[in-house]
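K.L.:
If you scroll down you'll find the structure; I have some questions about it.
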Amino acid sequence: MPTSDMTDQEKQLVEWLADMNEDDAFALAKRMLLEEGANPMRVLDLCRAAMDIVGKRFEKGEYFLPELVLAGEMLDNIGAIAKPLIKQAPGDAPKKLAKVLIGTVHGDLHDIGKNIVTFMLDINGFDVKDIGVDVPVETFLNEINAFQPDVVGLSGFLTLAFDSMKETIEAIQGAGMRNKIKIMIGGGQIDEIVRSYTGADAFGTNAIDAVTLCKSWSGVAA
Amino acid sequence: MSAPQTYVQTPEAKAAYDARWQRIMDCVNLKQPDRMPTAFLATFWLARYGGINNRQLMYDYEKTKEIGERAILEFEPDAPSPTVLAIATGRALEAIGFKQLQWPGHGVRDDQPYQYLDREYMKAEEYDEFLFDPTGFYLRTYLPRVAEAFEGLEELHYLPGLHYFRLVAGIRSFAKPRVRQAFEKIIKAAEEVERLTAQHADFTQRMAAHGFPMSYITTAVSPYDMLADYFRGATGMMKDLYRNKDKLLQLLDKAAVFLVRQTLWSAKSAGHPIVFIPIHWAPDAFMSGKQFETFWWPSFRKMLIGLIEGGIIPMPLWEADCTKRLEIIRDIPPGKCIYWFERTDMVRAFEVLGDVVALRGNISPSLLTTGKPDEVDAAVRHLAENVFHKGGKLILDGAFGIPDETPIENVRAMFTAARKYAS
């Protein structure tokens with residue numbers, strides 16, 4: 001959303017959100033929604049515009065994990081007020097980009113990185129389904145069948161995740177679903193050696209890598 | 001329990017022990033050792049090595065000691081790790097009713113490693129209470145939350161303010177059923193920890209008799225990591241950088257003081273000067289340079305200086321990639337610490353820190369677990385040629401010890417290569 005299309009008040013909201021000025025941003029969004037009758041869809045679009053700026057600052061190395069986490073929290077809090085106000089007509093839902101299924105592989109209970117990736121994909125317009133931690137191979141196969149994702153993201157922090165990722169990818173291959181989806185892996189110990197070992201299409205070291213990969217695979221300019 | 005065994009250290013074993021310890025101390029003192037020392041930290045990898053499962057490793061003291069001994073005698077590291085204390089904690093965790101960890105038989109399968117549960121164990125509103133009275137906060141709030149044995153202590157009377165006849169009336173709470181039950185459980189848990197400690201002492205004495213000094217006994221934690229990992233949880237802590245900045249800084253400053261006291265006390269009891277400090281939240285990718293210099297480093301530096309002044313050799317393990325932090329963490333007295341790096345390029349670390357600290361690490365976990373022995377050999381050679389032979393006081397080890405899934409031939413390759421390229 002170009003800033004030229006925004007009122008001064010809207011620009012202010014975007015700026016406060018992007019600058020992590022949580023208290024002022026929340027108070028303003030609340031006032032706009034509950035007192036001034038602002039269109040809740042419009043407020044959520046403004047939030048997304050702010051998140052674009054957050055993402056760009058992350059890419060440039062100005063923002064790090066604390067900002068992504070706080071941004072997610074601010075978005076949740078404003079969303080909790082805005083979403084019940086939406087009177088949505090059928091077909092009004094914003095069109096999502098590609099579908100991404102994401103989970104932490106079996107044997108591993110870590111979820112911080114996965115949750116941040118899920119959040120960043122979501123605010124970048126992807127239809128993300130997060131199936132949790134310690135996900136058995138069978139569950140991945142069932143979920144792929146049901147959700148029909150374009151991309152599968154396998155997360156893992158422990159070194160045991162290398163084998164779990166490899167098994168999961170082999171099972172996807174064995175089930176004849178491999179050529180329909182792209183697979184990305186991520187986690188603290190993941191590098192090119194692990195990518196090659198597991199047979200994934202790509203690996204990422206942070207949430208923006210995941211967004212960039214998904215955009216490139218779904219033909220969206222990153 | 002049977003009487004503690006005593007082990008005889010032969011003159012040859014003593015000479016080997018002294019030579020190994022000297023290599024480590026030469027590195028710490030920034031003197032060139034006679035060869036590149038090796039260190040050995042393995043946890044659940046030992047189960048694979050010994051042909052047992054992870055649960056047995058955590059519960060069977062005798063078996064764990066036997067496997068730990070066998071591994072040390074095979075690889076002959078200069079500085080092995082206190083195997084029993086590092087891994088055979090199943091019975092003690094059970095007796096304490098430890099809630100922050102899932103371990104084999106308690107939340108994860110017998111062949112899985114233990115995993116920490118990242119949760120919010122302290123609420124954001126509790127900073128004031130923690131700051132005002134850390135001991136009271138631990139006793140009445142924190143410990144009952146994280147360990148079943150302490151459940152009931154919430155009912156203890158506030159201790160500050162108990163004097164004269166208030167003391168008489170105030171101790172009534174010690175007789176409350178839940179408080180009484182807590183103390184009984186704590187005593188039982190402490191007895192189990194005594195058994196663990198006796199087994200640990202038996203293992204380290206046995207290794208000393210073979211000629212092997214431990215690379216550390218005591219562990220510690222940085223103030224920031226303590227709060228992030230064990231109290232606020234990862235995301236709670238990240239939000240606090242914005243929402244509770246001032247209180248967070250006050251608590252970090254205070255924690256540096258009590259962590260130094262606690263660590264000095266533990267290290268003195270253990271009789272070993274090197275303290276292992278795994279570092280989780282310092283990596284380049286986790287926070288900005290400014291945040292690192294504001295929130296992470298000052299309290300840890302204060303802690304390092306306190307430990308050094310207390311005669312301790314701190315050994316932080318800087319997890320993940322900390323390349324951008326190198327110039328900042330240089331700011332400590334030279335010849336007093338071992339900096340262990342996980343993914344930070346060791347050659348770069350040597351260039352920046354070579355005149356300040358000994359280095360430890362850092363064969364890549366992905367290489368160790370999925371690579372071939374000749375690739376491990378090449379990685380060791382790279383470090384020997386580009387760090388040790390150029391004057392770096394490097395103690396060779398895996399990036400965070402030996403990953404659980406490492407094929408045995410890769411571990412052999414690592415130790416063989418260390419002798420081949422840097423003797």
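Going by the structure tokens order, chains are called A, B, ..., each with residues numbered from 1, while ligands are numbered from 1 in the order shown.
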Enumerate, in order of chain and increasing residue number, the residues of chain B with an atom no farther than 6 Å from chain A, each with its shortest atom pair and distance in Å to one decimal, counting only C-alpha atoms, as a tab-separated table.
P.N.:
residue	atom	partner	partner_atom	distance
B:Met238	CA	A:Pro66	CA	4.5
B:Lys239	CA	A:Leu70	CA	5.7
B:Phe286	CA	A:Leu65	CA	5.4
B:Met287	CA	A:Phe64	CA	5.0
K.L.:
So that I have them on file, write out the residues from the current selection with C-alpha atoms, as a PDB file, in the first residue's frame.
P.N.:
ATOM      1  CA  MET B 238      12.408 -10.408  23.532  1.00  0.00           C
ATOM      2  CA  LYS B 239       9.302  -8.371  24.301  1.00  0.00           C
ATOM      3  CA  PHE B 286      19.311 -12.837  17.527  1.00  0.00           C
ATOM      4  CA  MET B 287      19.649  -9.167  18.376  1.00  0.00           C
TER       5      MET B 287
END
K.L.:
When you look at Lys129 of chain A with a cut-off of 7 Å (counting only C-alpha atoms), what residues show up, excluding the ones that are within fewer than 6 positions of it in the same chain? I need them as a ChimeraX atom specification.
P.N.:
/A:100-102
K.L.:
Let's have the selection written as a PDB file, in the first residue's frame, with C-alpha atoms.
P.N.:
ATOM      1  CA  VAL A 100       2.752 -23.546   2.919  1.00  0.00           C
ATOM      2  CA  LEU A 101       2.638 -26.457   5.360  1.00  0.00           C
ATOM      3  CA  ILE A 102       5.131 -26.143   8.189  1.00  0.00           C
TER       4      ILE A 102
END
K.L.:
From the DSSP assignment of the backbone, select every residue of segment 49-214 of chain A that is strand (DSSP E or B), and format the answer as a PyMOL selection string.
P.N.:
chain A and resi 99-105+127-130+135+151-155+182-186+202-204
K.L.:
What gap, in Å, lies between atom CA of Tyr230 of chain B and atom CA of Gly90 of chain B?
P.N.:
19.4 Å
K.L.:
If you measure from atom CA of Ala228 of chain B to atom CA of Ile208 of chain A, what distance in Å do you get, rounded to one decimal?
P.N.:
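Result for atom CA of Ala228 of chain B versus atom CA of Ile208 of chain A: 23.5 Å, one decimal.
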K.L.:
Skipping near chain neighbours, those fewer than 6 positions away, what residues fall within 10 Å of segment 349-362 of chain B using only C-alpha atoms, listed as a PDB file with N, CA and C atoms, in the first residue's frame?
P.N.:
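Writing done, so here's part-v7.pdb:
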ATOM      1  N   ILE B  24      46.380 -27.447  28.596  1.00  0.00           N
ATOM      2  CA  ILE B  24      45.195 -26.584  28.709  1.00  0.00           C
ATOM      3  C   ILE B  24      45.595 -25.243  29.340  1.00  0.00           C
ATOM      4  N   MET B  25      46.387 -25.315  30.411  1.00  0.00           N
ATOM      5  CA  MET B  25      46.787 -24.082  31.101  1.00  0.00           C
ATOM      6  C   MET B  25      47.693 -23.211  30.231  1.00  0.00           C
ATOM      7  N   ASP B  26      48.546 -23.850  29.428  1.00  0.00           N
ATOM      8  CA  ASP B  26      49.371 -23.070  28.493  1.00  0.00           C
ATOM      9  C   ASP B  26      48.463 -22.273  27.557  1.00  0.00           C
ATOM     10  N   CYS B  27      47.428 -22.921  27.065  1.00  0.00           N
ATOM     11  CA  CYS B  27      46.490 -22.219  26.172  1.00  0.00           C
ATOM     12  C   CYS B  27      45.850 -21.041  26.908  1.00  0.00           C
ATOM     13  N   VAL B  28      45.357 -21.314  28.124  1.00  0.00           N
ATOM     14  CA  VAL B  28      44.708 -20.246  28.894  1.00  0.00           C
ATOM     15  C   VAL B  28      45.684 -19.083  29.105  1.00  0.00           C
ATOM     16  N   ASN B  29      46.947 -19.425  29.433  1.00  0.00           N
ATOM     17  CA  ASN B  29      47.954 -18.389  29.714  1.00  0.00           C
ATOM     18  C   ASN B  29      48.586 -17.813  28.452  1.00  0.00           C
ATOM     19  N   LEU B  30      48.041 -18.183  27.306  1.00  0.00           N
ATOM     20  CA  LEU B  30      48.485 -17.683  26.002  1.00  0.00           C
ATOM     21  C   LEU B  30      49.940 -18.036  25.706  1.00  0.00           C
ATOM     22  N   LYS B  31      50.344 -19.223  26.184  1.00  0.00           N
ATOM     23  CA  LYS B  31      51.669 -19.751  25.842  1.00  0.00           C
ATOM     24  C   LYS B  31      51.468 -20.913  24.874  1.00  0.00           C
ATOM     25  N   PRO B  37      46.006 -29.249  22.174  1.00  0.00           N
ATOM     26  CA  PRO B  37      45.208 -30.126  23.035  1.00  0.00           C
ATOM     27  C   PRO B  37      43.849 -30.434  22.430  1.00  0.00           C
ATOM     28  N   THR B  38      43.291 -31.552  22.884  1.00  0.00           N
ATOM     29  CA  THR B  38      41.948 -31.935  22.438  1.00  0.00           C
ATOM     30  C   THR B  38      41.029 -32.011  23.655  1.00  0.00           C
ATOM     31  N   ALA B  39      39.771 -31.676  23.424  1.00  0.00           N
ATOM     32  CA  ALA B  39      38.775 -31.807  24.484  1.00  0.00           C
ATOM     33  C   ALA B  39      37.675 -32.729  24.003  1.00  0.00           C
ATOM     34  N   MET B 315      34.750 -20.400  30.796  1.00  0.00           N
ATOM     35  CA  MET B 315      34.798 -21.002  29.462  1.00  0.00           C
ATOM     36  C   MET B 315      33.415 -20.888  28.819  1.00  0.00           C
ATOM     37  N   PRO B 316      33.077 -19.689  28.305  1.00  0.00           N
ATOM     38  CA  PRO B 316      31.801 -19.572  27.614  1.00  0.00           C
ATOM     39  C   PRO B 316      31.823 -20.317  26.284  1.00  0.00           C
ATOM     40  N   LEU B 317      30.721 -21.002  25.986  1.00  0.00           N
ATOM     41  CA  LEU B 317      30.532 -21.604  24.662  1.00  0.00           C
ATOM     42  C   LEU B 317      29.580 -20.690  23.904  1.00  0.00           C
ATOM     43  N   CYS B 322      28.772 -15.883  16.141  1.00  0.00           N
ATOM     44  CA  CYS B 322      28.944 -14.652  16.934  1.00  0.00           C
ATOM     45  C   CYS B 322      30.025 -13.758  16.335  1.00  0.00           C
ATOM     46  N   THR B 323      30.220 -13.847  15.024  1.00  0.00           N
ATOM     47  CA  THR B 323      31.307 -13.101  14.380  1.00  0.00           C
ATOM     48  C   THR B 323      31.227 -11.603  14.675  1.00  0.00           C
ATOM     49  N   ARG B 325      30.161 -10.161  17.175  1.00  0.00           N
ATOM     50  CA  ARG B 325      30.367  -9.839  18.598  1.00  0.00           C
ATOM     51  C   ARG B 325      31.850  -9.846  18.991  1.00  0.00           C
ATOM     52  N   LEU B 326      32.712 -10.346  18.098  1.00  0.00           N
ATOM     53  CA  LEU B 326      34.095 -10.620  18.504  1.00  0.00           C
ATOM     54  C   LEU B 326      34.811  -9.400  19.070  1.00  0.00           C
ATOM     55  N   GLU B 327      34.658  -8.259  18.394  1.00  0.00           N
ATOM     56  CA  GLU B 327      35.368  -7.052  18.850  1.00  0.00           C
ATOM     57  C   GLU B 327      34.884  -6.627  20.240  1.00  0.00           C
ATOM     58  N   ILE B 329      33.426  -8.683  22.668  1.00  0.00           N
ATOM     59  CA  ILE B 329      33.739  -9.629  23.745  1.00  0.00           C
ATOM     60  C   ILE B 329      35.247  -9.771  23.964  1.00  0.00           C
ATOM     61  N   ARG B 330      36.005  -9.008  23.194  1.00  0.00           N
ATOM     62  CA  ARG B 330      37.456  -8.920  23.400  1.00  0.00           C
ATOM     63  C   ARG B 330      37.806  -8.187  24.684  1.00  0.00           C
ATOM     64  N   ASP B 331      36.854  -7.413  25.159  1.00  0.00           N
ATOM     65  CA  ASP B 331      37.136  -6.473  26.245  1.00  0.00           C
ATOM     66  C   ASP B 331      37.173  -7.159  27.618  1.00  0.00           C
ATOM     67  N   ILE B 332      38.157  -8.039  27.790  1.00  0.00           N
ATOM     68  CA  ILE B 332      38.367  -8.698  29.086  1.00  0.00           C
ATOM     69  C   ILE B 332      39.879  -8.801  29.301  1.00  0.00           C
ATOM     70  N   PRO B 333      40.327  -9.052  30.528  1.00  0.00           N
ATOM     71  CA  PRO B 333      41.778  -9.173  30.740  1.00  0.00           C
ATOM     72  C   PRO B 333      42.348 -10.355  29.950  1.00  0.00           C
ATOM     73  N   PRO B 334      43.530 -10.200  29.353  1.00  0.00           N
ATOM     74  CA  PRO B 334      44.096 -11.304  28.554  1.00  0.00           C
ATOM     75  C   PRO B 334      44.557 -12.473  29.422  1.00  0.00           C
ATOM     76  N   GLY B 335      44.501 -13.662  28.829  1.00  0.00           N
ATOM     77  CA  GLY B 335      45.059 -14.844  29.489  1.00  0.00           C
ATOM     78  C   GLY B 335      44.223 -15.384  30.634  1.00  0.00           C
ATOM     79  N   LYS B 336      42.919 -15.155  30.602  1.00  0.00           N
ATOM     80  CA  LYS B 336      42.086 -15.586  31.739  1.00  0.00           C
ATOM     81  C   LYS B 336      40.913 -16.477  31.347  1.00  0.00           C
ATOM     82  N   CYS B 337      40.587 -16.553  30.058  1.00  0.00           N
ATOM     83  CA  CYS B 337      39.362 -17.257  29.651  1.00  0.00           C
ATOM     84  C   CYS B 337      39.626 -18.207  28.489  1.00  0.00           C
ATOM     85  N   ILE B 338      38.728 -19.156  28.353  1.00  0.00           N
ATOM     86  CA  ILE B 338      38.668 -19.982  27.146  1.00  0.00           C
ATOM     87  C   ILE B 338      37.361 -19.619  26.448  1.00  0.00           C
ATOM     88  N   TYR B 339      37.452 -19.150  25.207  1.00  0.00           N
ATOM     89  CA  TYR B 339      36.238 -18.880  24.429  1.00  0.00           C
ATOM     90  C   TYR B 339      36.033 -20.052  23.467  1.00  0.00           C
ATOM     91  N   TRP B 340      34.927 -20.705  23.653  1.00  0.00           N
ATOM     92  CA  TRP B 340      34.580 -21.861  22.824  1.00  0.00           C
ATOM     93  C   TRP B 340      33.556 -21.365  21.802  1.00  0.00           C
ATOM     94  N   PHE B 341      33.851 -21.568  20.531  1.00  0.00           N
ATOM     95  CA  PHE B 341      32.941 -21.086  19.484  1.00  0.00           C
ATOM     96  C   PHE B 341      32.284 -22.250  18.755  1.00  0.00           C
ATOM     97  N   GLU B 342      31.013 -22.041  18.452  1.00  0.00           N
ATOM     98  CA  GLU B 342      30.298 -23.085  17.728  1.00  0.00           C
ATOM     99  C   GLU B 342      30.401 -22.843  16.217  1.00  0.00           C
ATOM    100  N   ARG B 343      29.676 -21.871  15.689  1.00  0.00           N
ATOM    101  CA  ARG B 343      29.679 -21.661  14.234  1.00  0.00           C
ATOM    102  C   ARG B 343      30.498 -20.443  13.808  1.00  0.00           C
ATOM    103  N   ALA B 379      38.921 -30.987   7.921  1.00  0.00           N
ATOM    104  CA  ALA B 379      38.462 -29.864   8.747  1.00  0.00           C
ATOM    105  C   ALA B 379      39.413 -29.631   9.924  1.00  0.00           C
ATOM    106  N   VAL B 380      39.897 -30.714  10.524  1.00  0.00           N
ATOM    107  CA  VAL B 380      40.855 -30.580  11.631  1.00  0.00           C
ATOM    108  C   VAL B 380      42.159 -29.982  11.100  1.00  0.00           C
ATOM    109  N   LEU B 383      41.960 -26.267  10.743  1.00  0.00           N
ATOM    110  CA  LEU B 383      42.100 -25.523  12.004  1.00  0.00           C
ATOM    111  C   LEU B 383      43.537 -25.584  12.521  1.00  0.00           C
ATOM    112  N   ASN B 386      45.613 -23.238  10.179  1.00  0.00           N
ATOM    113  CA  ASN B 386      45.251 -21.819  10.116  1.00  0.00           C
ATOM    114  C   ASN B 386      45.031 -21.157  11.469  1.00  0.00           C
ATOM    115  N   VAL B 387      44.988 -21.958  12.508  1.00  0.00           N
ATOM    116  CA  VAL B 387      44.837 -21.376  13.844  1.00  0.00           C
ATOM    117  C   VAL B 387      46.019 -21.799  14.724  1.00  0.00           C
ATOM    118  N   PHE B 388      46.124 -23.101  15.014  1.00  0.00           N
ATOM    119  CA  PHE B 388      47.137 -23.552  15.978  1.00  0.00           C
ATOM    120  C   PHE B 388      48.559 -23.231  15.515  1.00  0.00           C
ATOM    121  N   LYS B 390      49.556 -21.093  13.558  1.00  0.00           N
ATOM    122  CA  LYS B 390      49.801 -19.648  13.407  1.00  0.00           C
ATOM    123  C   LYS B 390      49.823 -18.961  14.767  1.00  0.00           C
ATOM    124  N   GLY B 391      49.829 -19.757  15.835  1.00  0.00           N
ATOM    125  CA  GLY B 391      49.956 -19.165  17.172  1.00  0.00           C
ATOM    126  C   GLY B 391      48.667 -19.133  17.965  1.00  0.00           C
ATOM    127  N   GLY B 392      47.579 -19.655  17.394  1.00  0.00           N
ATOM    128  CA  GLY B 392      46.308 -19.682  18.128  1.00  0.00           C
ATOM    129  C   GLY B 392      46.341 -20.740  19.210  1.00  0.00           C
ATOM    130  N   LYS B 393      45.863 -20.381  20.384  1.00  0.00           N
ATOM    131  CA  LYS B 393      45.880 -21.335  21.503  1.00  0.00           C
ATOM    132  C   LYS B 393      44.576 -22.125  21.446  1.00  0.00           C
ATOM    133  N   LEU B 394      44.534 -23.046  20.502  1.00  0.00           N
ATOM    134  CA  LEU B 394      43.287 -23.760  20.198  1.00  0.00           C
ATOM    135  C   LEU B 394      43.225 -25.113  20.889  1.00  0.00           C
ATOM    136  N   ILE B 395      42.110 -25.336  21.576  1.00  0.00           N
ATOM    137  CA  ILE B 395      41.789 -26.655  22.131  1.00  0.00           C
ATOM    138  C   ILE B 395      40.764 -27.253  21.168  1.00  0.00           C
ATOM    139  N   LEU B 396      41.150 -28.328  20.498  1.00  0.00           N
ATOM    140  CA  LEU B 396      40.271 -28.860  19.457  1.00  0.00           C
ATOM    141  C   LEU B 396      39.106 -29.647  20.057  1.00  0.00           C
ATOM    142  N   ASP B 397      37.918 -29.410  19.493  1.00  0.00           N
ATOM    143  CA  ASP B 397      36.713 -30.127  19.926  1.00  0.00           C
ATOM    144  C   ASP B 397      35.677 -29.977  18.817  1.00  0.00           C
ATOM    145  N   GLY B 398      34.570 -30.682  18.947  1.00  0.00           N
ATOM    146  CA  GLY B 398      33.437 -30.438  18.069  1.00  0.00           C
ATOM    147  C   GLY B 398      32.871 -29.066  18.381  1.00  0.00           C
ATOM    148  N   ALA B 399      31.975 -28.593  17.506  1.00  0.00           N
ATOM    149  CA  ALA B 399      31.433 -27.246  17.669  1.00  0.00           C
ATOM    150  C   ALA B 399      30.697 -27.091  19.002  1.00  0.00           C
ATOM    151  N   PHE B 400      29.961 -28.122  19.411  1.00  0.00           N
ATOM    152  CA  PHE B 400      29.441 -28.154  20.783  1.00  0.00           C
ATOM    153  C   PHE B 400      29.661 -29.545  21.342  1.00  0.00           C
ATOM    154  N   GLY B 401      30.884 -30.026  21.207  1.00  0.00           N
ATOM    155  CA  GLY B 401      31.187 -31.395  21.581  1.00  0.00           C
ATOM    156  C   GLY B 401      30.805 -32.323  20.443  1.00  0.00           C
TER     157      GLY B 401
END
K.L.:
Skipping near chain neighbours, those fewer than 5 positions away, what residues fall within 7 Å of segment 121-138 of chain B using only C-alpha atoms, listed as a list in words?
P.N.:
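Here the answer would be Leu143, Tyr230, Phe231, Arg232, Gly233, Lys247 and Leu251 of chain B.
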K.L.:
Hey, what does DSSP flag as helix (DSSP H, G or I) within segment 119-237 of chain B? Can you give it to me as a PyMOL selection string?
P.N.:
chain B and resi 124-132+134-146+148-150+153-155+165-175+177-210+223-232+234-237
